[in-house]
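start22.txt follows; it contains compact mmCIF, C-alpha atoms and all ligand atoms.
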# COMPACT_ATOMS: atom_id res chain seq x y z
CA MET C 1 -28.24 -24.18 -16.06
CA ARG C 2 -30.71 -22.74 -13.58
CA GLY C 3 -29.89 -19.11 -14.24
CA VAL C 4 -27.46 -16.29 -13.66
CA VAL C 5 -26.26 -14.75 -10.41
CA VAL C 6 -25.15 -11.14 -10.90
CA LEU C 7 -22.67 -9.79 -8.38
CA GLY C 8 -22.19 -6.04 -8.64
CA ALA C 9 -25.64 -5.85 -10.24
CA THR C 10 -25.96 -2.06 -10.22
CA GLY C 11 -22.52 -1.43 -11.74
CA SER C 12 -21.54 -1.21 -15.37
CA ILE C 13 -20.78 -4.96 -15.78
CA GLY C 14 -23.91 -5.88 -13.82
CA ARG C 15 -26.15 -3.74 -16.02
CA THR C 16 -24.74 -5.23 -19.20
CA THR C 17 -25.05 -8.73 -17.78
CA LEU C 18 -28.74 -8.16 -17.07
CA GLU C 19 -29.26 -6.94 -20.64
CA VAL C 20 -27.52 -10.04 -22.00
CA ALA C 21 -29.54 -12.35 -19.72
CA ASP C 22 -32.70 -10.70 -21.00
CA GLU C 23 -31.61 -11.01 -24.63
CA LEU C 24 -30.68 -14.70 -24.22
CA GLY C 25 -33.74 -15.53 -22.10
CA VAL C 26 -31.68 -16.68 -19.08
CA ALA C 27 -33.38 -16.41 -15.69
CA VAL C 28 -31.85 -14.04 -13.13
CA VAL C 29 -31.67 -15.99 -9.86
CA GLY C 30 -29.44 -13.75 -7.76
CA LEU C 31 -28.60 -10.05 -7.46
CA ALA C 32 -25.98 -8.49 -5.20
CA ALA C 33 -24.69 -4.97 -4.79
CA ALA C 34 -22.44 -3.19 -2.32
CA SER C 35 -25.10 -0.92 -0.81
CA PHE C 36 -28.82 -0.29 -0.45
CA SER C 37 -29.94 1.76 -3.44
CA ALA C 38 -33.08 2.56 -5.40
CA ASP C 39 -31.37 1.01 -8.45
CA LEU C 40 -30.96 -2.33 -6.70
CA PHE C 41 -34.53 -2.26 -5.43
CA ASP C 42 -35.78 -1.58 -8.98
CA LEU C 43 -33.79 -4.55 -10.28
CA TRP C 44 -35.21 -6.79 -7.59
CA LYS C 45 -38.76 -5.71 -8.45
CA LYS C 46 -37.98 -6.58 -12.06
CA HIS C 47 -36.70 -10.03 -11.01
CA PRO C 48 -38.93 -10.77 -7.99
CA ASP C 49 -38.03 -14.48 -7.87
CA SER C 50 -34.33 -13.79 -7.44
CA ARG C 51 -32.42 -13.65 -4.18
CA CYS C 52 -31.17 -10.16 -3.40
CA VAL C 53 -28.15 -9.32 -1.23
CA VAL C 54 -26.63 -6.05 0.01
CA ALA C 55 -22.97 -6.70 0.84
CA ASP C 56 -22.46 -3.78 3.20
CA PRO C 57 -25.60 -2.98 5.22
CA GLU C 58 -23.90 0.15 6.58
CA ARG C 59 -24.03 1.75 3.15
CA GLY C 60 -27.16 3.38 1.75
CA GLU C 61 -30.66 3.52 3.17
CA ALA C 62 -32.29 0.21 4.15
CA GLY C 63 -35.60 2.13 4.21
CA ILE C 64 -35.66 2.26 0.41
CA PHE C 65 -36.63 -1.42 0.41
CA GLY C 66 -39.64 -0.94 2.72
CA ASP C 67 -41.00 -4.22 4.07
CA LEU C 68 -39.21 -6.30 1.48
CA GLN C 69 -35.72 -6.54 2.99
CA PRO C 70 -32.81 -8.17 1.13
CA GLU C 71 -30.26 -10.49 2.72
CA VAL C 72 -27.19 -8.64 3.98
CA GLY C 73 -23.47 -9.19 4.50
CA ARG C 74 -20.45 -10.62 2.68
CA ASP C 75 -21.30 -14.18 3.79
CA ALA C 76 -24.64 -13.82 2.03
CA VAL C 77 -22.86 -12.70 -1.16
CA ALA C 78 -20.59 -15.77 -1.02
CA ASP C 79 -23.66 -17.89 -0.37
CA LEU C 80 -25.30 -16.46 -3.48
CA ALA C 81 -22.20 -17.34 -5.53
CA ARG C 82 -22.58 -20.92 -4.25
CA MET C 83 -26.13 -21.42 -5.60
CA SER C 84 -25.96 -24.69 -7.50
CA ASP C 85 -25.92 -24.99 -11.28
CA CYS C 86 -25.59 -21.27 -11.99
CA LEU C 87 -23.52 -18.94 -14.09
CA VAL C 88 -22.04 -16.42 -11.69
CA ILE C 89 -20.97 -13.10 -13.17
CA ASN C 90 -18.62 -11.41 -10.74
CA GLY C 91 -18.70 -7.70 -11.54
CA VAL C 92 -17.81 -6.60 -8.02
CA VAL C 93 -15.38 -3.67 -7.95
CA GLY C 94 -12.17 -4.30 -6.02
CA PHE C 95 -10.77 -6.81 -3.59
CA ALA C 96 -14.21 -7.52 -2.11
CA GLY C 97 -14.85 -9.78 -5.12
CA LEU C 98 -12.28 -12.45 -4.18
CA ARG C 99 -14.40 -14.38 -1.67
CA ALA C 100 -17.30 -14.67 -4.09
CA THR C 101 -14.93 -15.93 -6.80
CA LEU C 102 -13.63 -18.69 -4.53
CA ALA C 103 -17.18 -19.58 -3.44
CA ALA C 104 -18.48 -19.84 -7.02
CA LEU C 105 -15.61 -22.11 -8.07
CA GLU C 106 -15.90 -24.25 -4.94
CA ALA C 107 -19.56 -24.83 -5.76
CA GLY C 108 -18.63 -25.99 -9.27
CA ASN C 109 -20.25 -23.04 -11.00
CA ARG C 110 -19.19 -21.42 -14.22
CA LEU C 111 -17.70 -18.07 -13.25
CA GLY C 112 -17.72 -15.12 -15.62
CA LEU C 113 -14.97 -13.13 -14.01
CA ALA C 114 -14.88 -9.36 -14.49
CA ASN C 115 -13.43 -8.76 -11.02
CA LYS C 116 -9.74 -8.72 -11.98
CA GLU C 117 -8.72 -8.12 -8.37
CA SER C 118 -9.65 -11.76 -7.70
CA PHE C 119 -6.68 -12.77 -9.82
CA VAL C 120 -4.42 -9.85 -8.98
CA ALA C 121 -4.77 -10.20 -5.22
CA GLY C 122 -5.66 -13.87 -4.93
CA GLY C 123 -4.38 -15.51 -8.13
CA GLU C 124 -2.72 -18.38 -6.35
CA LEU C 125 -5.81 -19.10 -4.27
CA VAL C 126 -8.11 -18.89 -7.29
CA ASN C 127 -5.91 -21.27 -9.28
CA ALA C 128 -5.67 -23.71 -6.38
CA MET C 129 -9.47 -23.64 -6.13
CA SER C 130 -10.10 -24.11 -9.85
CA GLY C 131 -7.62 -27.00 -9.78
CA ASN C 132 -9.53 -28.76 -7.02
CA ALA C 133 -13.14 -27.94 -7.74
CA ASP C 134 -15.39 -28.35 -10.79
CA GLY C 135 -15.89 -24.64 -11.28
CA MET C 136 -14.50 -22.95 -14.35
CA VAL C 137 -13.41 -19.39 -15.03
CA ILE C 138 -14.44 -17.66 -18.25
CA PRO C 139 -12.77 -14.25 -18.32
CA VAL C 140 -15.07 -11.25 -18.71
CA ASP C 141 -12.36 -8.72 -19.41
CA SER C 142 -12.25 -7.89 -23.11
CA GLU C 143 -8.51 -8.63 -23.42
CA HIS C 144 -8.63 -11.93 -21.55
CA SER C 145 -11.79 -13.07 -23.26
CA ALA C 146 -9.98 -12.39 -26.56
CA ILE C 147 -6.91 -14.39 -25.52
CA PHE C 148 -9.10 -17.19 -24.14
CA GLN C 149 -10.77 -17.43 -27.55
CA CYS C 150 -7.46 -17.25 -29.48
CA LEU C 151 -6.11 -20.12 -27.38
CA LEU C 152 -9.02 -22.49 -28.04
CA GLY C 153 -7.76 -25.59 -29.81
CA GLU C 154 -4.10 -24.58 -29.39
CA SER C 155 -1.45 -26.25 -27.29
CA ARG C 156 0.21 -23.98 -24.74
CA ALA C 157 3.63 -25.27 -25.80
CA MET C 158 3.10 -23.60 -29.18
CA VAL C 159 2.49 -20.17 -27.65
CA GLU C 160 5.31 -17.65 -27.89
CA SER C 161 3.56 -14.85 -26.04
CA LEU C 162 0.26 -13.22 -25.13
CA VAL C 163 -0.17 -9.71 -26.50
CA LEU C 164 -2.47 -7.48 -24.46
CA THR C 165 -3.67 -4.38 -26.26
CA ALA C 166 -4.04 -1.09 -24.40
CA SER C 167 -5.94 1.93 -25.70
CA GLY C 168 -3.41 4.18 -23.97
CA GLY C 169 -6.28 5.97 -22.21
CA PRO C 170 -7.17 9.66 -22.42
CA PHE C 171 -3.58 10.82 -21.77
CA ARG C 172 -1.73 8.88 -24.44
CA GLY C 173 1.11 11.01 -25.77
CA MET C 174 1.33 13.24 -22.69
CA SER C 175 4.58 13.69 -20.76
CA LYS C 176 5.16 13.00 -17.09
CA VAL C 177 5.19 16.74 -16.39
CA ASP C 178 1.85 17.35 -18.14
CA LEU C 179 0.29 14.42 -16.31
CA ALA C 180 0.96 15.91 -12.87
CA GLY C 181 -1.74 18.53 -13.46
CA VAL C 182 -4.61 16.49 -14.91
CA THR C 183 -7.98 16.47 -13.11
CA PRO C 184 -10.39 13.64 -12.25
CA ALA C 185 -12.86 15.01 -14.84
CA GLN C 186 -10.20 14.71 -17.58
CA ALA C 187 -9.14 11.26 -16.40
CA LEU C 188 -12.74 10.01 -16.40
CA ARG C 189 -13.09 10.78 -20.11
CA HIS C 190 -12.00 7.49 -21.67
CA PRO C 191 -11.78 7.64 -25.48
CA ASN C 192 -13.25 4.20 -26.28
CA TRP C 193 -14.81 2.42 -23.33
CA GLU C 194 -17.69 3.26 -20.98
CA MET C 195 -16.71 1.77 -17.64
CA GLY C 196 -16.93 2.26 -13.90
CA ARG C 197 -14.98 5.08 -12.25
CA ARG C 198 -12.14 3.12 -10.69
CA ILE C 199 -11.29 1.18 -13.84
CA THR C 200 -11.46 4.35 -15.92
CA ILE C 201 -8.85 6.02 -13.71
CA ASP C 202 -6.81 2.80 -13.76
CA SER C 203 -6.94 2.92 -17.55
CA ALA C 204 -5.63 6.48 -17.52
CA THR C 205 -2.61 5.54 -15.36
CA LEU C 206 -2.14 2.18 -17.21
CA MET C 207 -2.54 0.58 -13.78
CA ASN C 208 -5.43 -1.34 -15.32
CA LYS C 209 -3.15 -2.76 -18.02
CA GLY C 210 -0.61 -3.65 -15.35
CA MET C 211 -3.26 -5.54 -13.43
CA GLU C 212 -4.33 -7.25 -16.63
CA VAL C 213 -0.75 -8.49 -17.10
CA ILE C 214 -0.91 -10.10 -13.64
CA GLU C 215 -4.41 -11.41 -14.39
CA ALA C 216 -3.14 -12.99 -17.63
CA HIS C 217 -0.23 -14.59 -15.80
CA TYR C 218 -2.51 -16.43 -13.39
CA LEU C 219 -5.38 -17.07 -15.77
CA PHE C 220 -3.29 -18.56 -18.59
CA GLY C 221 -0.31 -19.80 -16.57
CA MET C 222 2.07 -17.72 -18.69
CA PRO C 223 5.42 -16.40 -17.39
CA TYR C 224 5.76 -12.61 -17.29
CA ASP C 225 8.42 -12.48 -19.99
CA GLN C 226 5.88 -14.06 -22.34
CA ILE C 227 3.26 -11.36 -21.78
CA GLU C 228 3.54 -8.25 -23.96
CA VAL C 229 1.63 -4.98 -23.95
CA VAL C 230 1.10 -2.93 -27.09
CA VAL C 231 -0.79 0.35 -27.38
CA HIS C 232 -3.61 0.19 -29.90
CA PRO C 233 -5.61 3.44 -29.78
CA GLN C 234 -8.67 2.13 -31.67
CA SER C 235 -9.30 -0.75 -29.21
CA VAL C 236 -10.65 -2.85 -32.08
CA VAL C 237 -8.13 -5.66 -31.62
CA HIS C 238 -9.01 -6.82 -28.12
CA SER C 239 -5.80 -8.82 -27.76
CA MET C 240 -3.63 -11.35 -29.57
CA VAL C 241 -1.60 -14.50 -29.18
CA ARG C 242 1.78 -14.89 -30.84
CA PHE C 243 2.67 -18.46 -31.79
CA ARG C 244 6.00 -20.25 -32.21
CA ASP C 245 5.82 -20.20 -36.02
CA GLY C 246 5.37 -16.42 -36.05
CA ALA C 247 1.62 -16.48 -36.57
CA LEU C 248 -0.41 -13.92 -34.65
CA LYS C 249 -4.04 -14.67 -33.84
CA ALA C 250 -6.13 -11.64 -32.98
CA HIS C 251 -9.65 -11.12 -31.72
CA LEU C 252 -11.44 -8.08 -33.16
CA GLY C 253 -14.72 -6.61 -32.06
CA ASP C 254 -16.75 -3.62 -30.96
CA THR C 255 -15.77 -1.83 -27.80
CA THR C 256 -18.71 -3.12 -25.84
CA MET C 257 -18.66 -5.46 -22.88
CA HIS C 258 -21.69 -7.25 -24.34
CA HIS C 259 -19.30 -9.49 -26.31
CA PRO C 260 -17.24 -10.99 -23.50
CA ILE C 261 -20.28 -11.20 -21.22
CA ARG C 262 -22.38 -12.92 -23.87
CA TYR C 263 -19.53 -15.34 -24.52
CA ALA C 264 -19.40 -16.28 -20.81
CA PHE C 265 -23.08 -17.23 -21.09
CA THR C 266 -22.85 -19.19 -24.33
CA TYR C 267 -19.35 -20.77 -24.31
CA PRO C 268 -18.48 -23.01 -26.15
CA ASP C 269 -21.35 -21.87 -28.40
CA ARG C 270 -21.92 -18.38 -29.72
CA ALA C 271 -25.03 -16.23 -29.87
CA ARG C 272 -25.95 -14.27 -32.96
CA GLY C 273 -24.63 -10.72 -33.09
CA ALA C 274 -23.50 -7.91 -35.36
CA SER C 275 -19.92 -7.84 -36.64
CA LEU C 276 -17.52 -5.07 -37.64
CA ARG C 277 -17.39 -3.61 -41.15
CA LEU C 278 -13.75 -4.10 -42.09
CA PRO C 279 -13.36 -1.22 -44.61
CA ASP C 280 -14.31 1.17 -41.77
CA LEU C 281 -11.28 0.19 -39.74
CA THR C 282 -7.82 1.69 -39.37
CA LEU C 283 -5.58 -0.16 -36.98
CA GLU C 284 -2.53 1.42 -35.35
CA PHE C 285 -0.07 -0.01 -32.85
CA GLU C 286 2.68 1.64 -30.84
CA GLU C 287 4.97 0.98 -27.89
CA PRO C 288 3.65 2.05 -24.48
CA ASP C 289 5.44 5.07 -22.96
CA ARG C 290 6.93 3.36 -19.92
CA ASP C 291 8.45 6.55 -18.61
CA ALA C 292 5.28 8.64 -18.54
CA PHE C 293 3.25 5.64 -17.35
CA PRO C 294 5.44 3.83 -14.80
CA ALA C 295 2.50 1.70 -13.57
CA LEU C 296 3.17 -0.83 -16.29
CA ASP C 297 6.73 -1.73 -15.29
CA LEU C 298 5.72 -1.58 -11.65
CA ALA C 299 3.07 -4.22 -12.33
CA TYR C 300 5.60 -6.52 -13.99
CA HIS C 301 7.91 -6.08 -11.01
CA VAL C 302 5.09 -6.77 -8.55
CA GLY C 303 3.92 -9.78 -10.53
CA ARG C 304 7.41 -11.29 -10.57
CA SER C 305 7.76 -10.69 -6.82
CA GLY C 306 4.59 -12.74 -6.33
CA GLY C 307 3.23 -13.68 -2.89
CA THR C 308 1.13 -10.92 -1.39
CA ALA C 309 2.87 -8.15 -3.43
CA PRO C 310 0.07 -7.98 -6.05
CA ALA C 311 -2.52 -7.77 -3.24
CA VAL C 312 -0.63 -4.80 -1.77
CA PHE C 313 -0.36 -3.23 -5.22
CA ASN C 314 -4.11 -3.55 -5.75
CA ALA C 315 -5.14 -2.36 -2.28
CA ALA C 316 -2.92 0.71 -2.42
CA ASP C 317 -4.28 1.57 -5.84
CA GLU C 318 -7.90 1.32 -4.63
CA VAL C 319 -7.18 3.79 -1.83
CA LEU C 320 -5.15 6.19 -3.96
CA VAL C 321 -7.63 6.23 -6.85
CA ALA C 322 -10.43 7.07 -4.41
CA ALA C 323 -8.29 9.91 -3.01
CA PHE C 324 -7.57 11.21 -6.51
CA LEU C 325 -11.29 11.18 -7.35
CA GLU C 326 -11.87 13.25 -4.20
CA GLU C 327 -9.14 15.62 -5.44
CA ARG C 328 -7.03 14.98 -2.34
CA ILE C 329 -3.97 13.91 -4.35
CA GLY C 330 -2.70 14.51 -7.87
CA PHE C 331 -2.80 12.09 -10.78
CA THR C 332 0.86 11.07 -10.67
CA ASP C 333 0.61 10.61 -6.89
CA ILE C 334 -1.48 7.49 -7.52
CA VAL C 335 1.37 5.42 -8.90
CA SER C 336 4.09 6.95 -6.72
CA GLY C 337 1.85 6.30 -3.70
CA VAL C 338 1.40 2.66 -4.74
CA GLU C 339 5.17 2.38 -5.09
CA ALA C 340 5.72 3.88 -1.62
CA THR C 341 3.19 1.43 -0.15
CA LEU C 342 4.96 -1.50 -1.81
CA GLU C 343 8.28 -0.36 -0.35
CA ALA C 344 6.80 -0.01 3.14
CA CYS C 345 4.71 -3.18 3.37
CA GLU C 346 6.33 -6.51 3.96
CA THR C 347 5.06 -9.19 1.60
CA THR C 348 4.77 -12.91 2.27
CA ASP C 349 3.82 -16.11 0.45
CA VAL C 350 0.12 -16.66 -0.15
CA THR C 351 -1.13 -19.64 1.84
CA SER C 352 -4.65 -18.58 2.83
CA ILE C 353 -7.29 -15.97 2.15
CA GLU C 354 -6.63 -14.60 5.66
CA GLY C 355 -3.04 -13.84 4.66
CA VAL C 356 -4.24 -11.95 1.60
CA ILE C 357 -6.85 -10.07 3.63
CA ASP C 358 -4.14 -9.11 6.10
CA ALA C 359 -1.82 -7.83 3.36
CA ASP C 360 -4.74 -5.93 1.86
CA ARG C 361 -5.57 -4.33 5.21
CA GLN C 362 -1.98 -3.27 5.91
CA ALA C 363 -1.60 -1.81 2.43
CA ARG C 364 -4.83 0.19 2.77
CA ALA C 365 -3.72 1.57 6.12
CA PHE C 366 -0.35 2.64 4.73
CA ALA C 367 -1.82 4.05 1.54
CA SER C 368 -4.25 6.12 3.62
CA GLU C 369 -1.23 7.53 5.45
CA VAL C 370 0.32 8.34 2.11
CA VAL C 371 -2.83 10.23 1.20
CA LEU C 372 -2.65 12.23 4.39
CA GLY C 373 0.90 13.16 3.45
CA ARG C 374 2.25 11.56 6.58
CA ALA C 375 4.32 8.95 4.80
CA GLY C 376 5.87 8.03 1.50
CA LYS C 377 6.73 10.27 -1.38
CA VAL C 378 3.46 12.09 -1.80
CA GLY C 379 3.37 15.58 -0.42
MG MG X 401 -9.73 -4.88 -19.95
I need this file expressed as structure tokens, please.
Ligand code: MG
Amino acid sequence: MRGVVVLGATGSIGRTTLEVADELGVAVVGLAAASFSADLFDLWKKHPDSRCVVADPERGEAGIFGDLQPEVGRDAVADLARMSDCLVINGVVGFAGLRATLAALEAGNRLGLANKESFVAGGELVNAMSGNADGMVIPVDSEHSAIFQCLLGESRAMVESLVLTASGGPFRGMSKVDLAGVTPAQALRHPNWEMGRRITIDSATLMNKGMEVIEAHYLFGMPYDQIEVVVHPQSVVHSMVRFRDGALKAHLGDTTMHHPIRYAFTYPDRARGASLRLPDLTLEFEEPDRDAFPALDLAYHVGRSGGTAPAVFNAADEVLVAAFLEERIGFTDIVSGVEATLEACETTDVTSIEGVIDADRQARAFASEVVLGRAGKVG
């Protein structure tokens, strides 16, 4: 392998990926970020032989880079993902990551996929591409990496169900009424994981877990009634697989993204690392509160509907989470706004990326209306 291409290099996944590359002595051959920033420029100076791309040249100050200008545009990001014989870590936030995912797989690269929207919005396209090309997906989501590892050496016919664990987020135990008044600052305080802002809010609504159910469906080809969610506040068990004979295989580890990212680099081998001290652990499990956190059942419904419904679900959530972070809507308006968008937008079968982009665009437009209070249930 020639090296690693890091998409979303300045984000939380990107940063960790660069640490892992450093630790394993893997060359960094590509860096991409959404906007011009001093952080990206610093990374490029640290890896001067890499290609550097800014996806959206309208964002940030090009001047930061002085005479040394990076490549720009989404085509350049896809082009970076196509560099031959590379590990591509896709840590892009949101729907924008789908094109790079398809490009990396088409080029036959190993893809460490942290961009769950690739599967949520474009699962059918991603699976069609991995079926036809030499590229391979290694999940870089702690739950899916855990399931991927539990499934090694097992036949799918022996699997009873996949069990995704959920921390329950910062609002576990709260009622629907209490949740209406929570602030972005409270929602950004995740008990176990340090993550980007969108995914932290999605963890608080359980929207993230809902998306992970859809991600698991496409990634492991498992029907929705064979995907379970259990709340596990300690986040030590990253996920489990239940087998036909009643055996449960679990993957336990620290709550750090270093593990799944390192595994995407080394698979099928493993690097050396520290392990948990078992006597220090207490493990608890409980049912998710589906009434206080309706995002979970909504995700199952959307997943079963299929077609462009998950793309609409994801796009609406991106818009509504951004509005919540700007304090323009309340916390519970996120999920009710997503629901209103799903009711309003017509969904179709997925036949091309253009169709998905179109569904995404319509959903964003409607969700923005919801935010403005001009449509839907949010006032
Ligand atoms: Mg996860």
Between C:Met207, C:Ala104, C:Val5, C:Cys52, which one has atoms that come closest to ligand MG 401 (chain X), using all atoms listed in the file? C:Met207
Tell me which protein, DNA and RNA residues are within 8 Å of Phe95 of chain C, counting all atoms listed in the file, leaving out same-chain ones fewer than 5 positions away, and put them as a PyMOL selection string. chain C and resi 117-118+121+314-315
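If you look at atom CA of His190 of chain C and atom CA of Glu143 of chain C, they are 16.6 Å away from each other.
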Nearby polymer residues, ligand MG 401 (chain X), at most 9 Å, all atoms listed in the file, as a PDB file with C-alpha atoms, in the coordinates of the input:
ATOM      1  CA  ALA C 114     -14.880  -9.360 -14.490  1.00  0.00           C
ATOM      2  CA  LYS C 116      -9.740  -8.720 -11.980  1.00  0.00           C
ATOM      3  CA  VAL C 140     -15.070 -11.250 -18.710  1.00  0.00           C
ATOM      4  CA  ASP C 141     -12.360  -8.720 -19.410  1.00  0.00           C
ATOM      5  CA  SER C 142     -12.250  -7.890 -23.110  1.00  0.00           C
ATOM      6  CA  GLU C 143      -8.510  -8.630 -23.420  1.00  0.00           C
ATOM      7  CA  HIS C 144      -8.630 -11.930 -21.550  1.00  0.00           C
ATOM      8  CA  LEU C 164      -2.470  -7.480 -24.460  1.00  0.00           C
ATOM      9  CA  THR C 165      -3.670  -4.380 -26.260  1.00  0.00           C
ATOM     10  CA  ALA C 166      -4.040  -1.090 -24.400  1.00  0.00           C
ATOM     11  CA  ILE C 199     -11.290   1.180 -13.840  1.00  0.00           C
ATOM     12  CA  SER C 203      -6.940   2.920 -17.550  1.00  0.00           C
ATOM     13  CA  ASN C 208      -5.430  -1.340 -15.320  1.00  0.00           C
ATOM     14  CA  LYS C 209      -3.150  -2.760 -18.020  1.00  0.00           C
ATOM     15  CA  GLU C 212      -4.330  -7.250 -16.630  1.00  0.00           C
ATOM     16  CA  HIS C 238      -9.010  -6.820 -28.120  1.00  0.00           C
TER      17      HIS C 238
END
Find the residues near Met240 of chain C: any atom within 8 Å, counting all atoms listed in the file, skip ones fewer than 6 places away on the same chain, and give them as a list of chain:residue names.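 Within the cut-off, the hits are C:Ala146, C:Ile147, C:Cys150, C:Leu162, C:Val163, C:Leu164, C:Thr165, C:Leu248, C:Lys249, C:Ala250, C:His251.
Summary of the local environment: counting all atoms listed in the file, residues at most 9 Å from Ser145 of chain C, other than itself and those fewer than 6 positions away along its chain, are C:Ile138, C:Pro139, C:His238, C:Ser239, C:His251, C:His259, C:Pro260, C:Ile261, C:Tyr263, C:Ala264.
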Residues around (3.7, -11.0, -24.3), cut-off 9 Å, counting all atoms listed in the file - what are they as a list in words? Glu160, Ser161, Leu162, Val163, Leu164, Val213, Met222, Pro223, Tyr224, Asp225, Gln226, Ile227, Glu228, Val229, Val230, Val241 and Arg242 of chain C
Could you check which of C:Thr348, C:Ala274, C:Thr205, C:Val356 is closest to Phe324 of chain C, using all atoms listed in the file?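 Residue with the minimum atom-to-atom distance to Phe324 of chain C: C:Thr205.
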Taking (-6.2, -11.0, 1.2) in the file's coordinates as the center, which residues reach within 9 Å of it, counting all atoms listed in the file, put as number ranges by chain? C: 95, 98, 121-122, 308, 311-312, 350, 352-361
I'd like to know which of C:Asp317, C:Glu284, C:Glu194, C:Asp289 is closest to Met211 of chain C, using all atoms listed in the file.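 Among the listed residues, the smallest separation from Met211 of chain C belongs to C:Asp317.
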Choose the residue, out of C:Leu68, C:Val93, C:Phe313, C:Ala271, that has the smallest atom-to-atom separation from His258 of chain C; count only C-alpha atoms.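 For His258 of chain C, the nearest of the given residues is C:Ala271.
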Closest to Leu125 of chain C among C:Lys45, C:Arg99, C:Arg172, C:Arg328, using all atoms listed in the file?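 Once distances to Leu125 of chain C are computed over all atoms listed in the file, the minimum belongs to C:Arg99.
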Give me, please, the distance in Å between atom CA of Ala316 of chain C and atom CA of Val338 of chain C, quoted to one decimal. 5.3 Å
Residue among C:Val120, C:Leu206, C:Leu278, C:Ala185 lying closest to Tyr218 of chain C, counting all atoms listed in the file: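 The closest residue to Tyr218 of chain C is C:Val120.
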Give me, as a tab-separated table (two decimals) with C-alpha atoms, in the frame of the given file, all polymer residues having an atom no more than 7 Å from segment 303-306 of chain C, counting only C-alpha atoms and skipping those fewer than 4 positions away in the same chain.
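Output (part10.tsv):
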chain	number	residue	atom	x	y	z
C	214	ILE	CA	-0.91	-10.10	-13.64
C	299	ALA	CA	3.07	-4.22	-12.33
C	310	PRO	CA	0.07	-7.98	-6.05
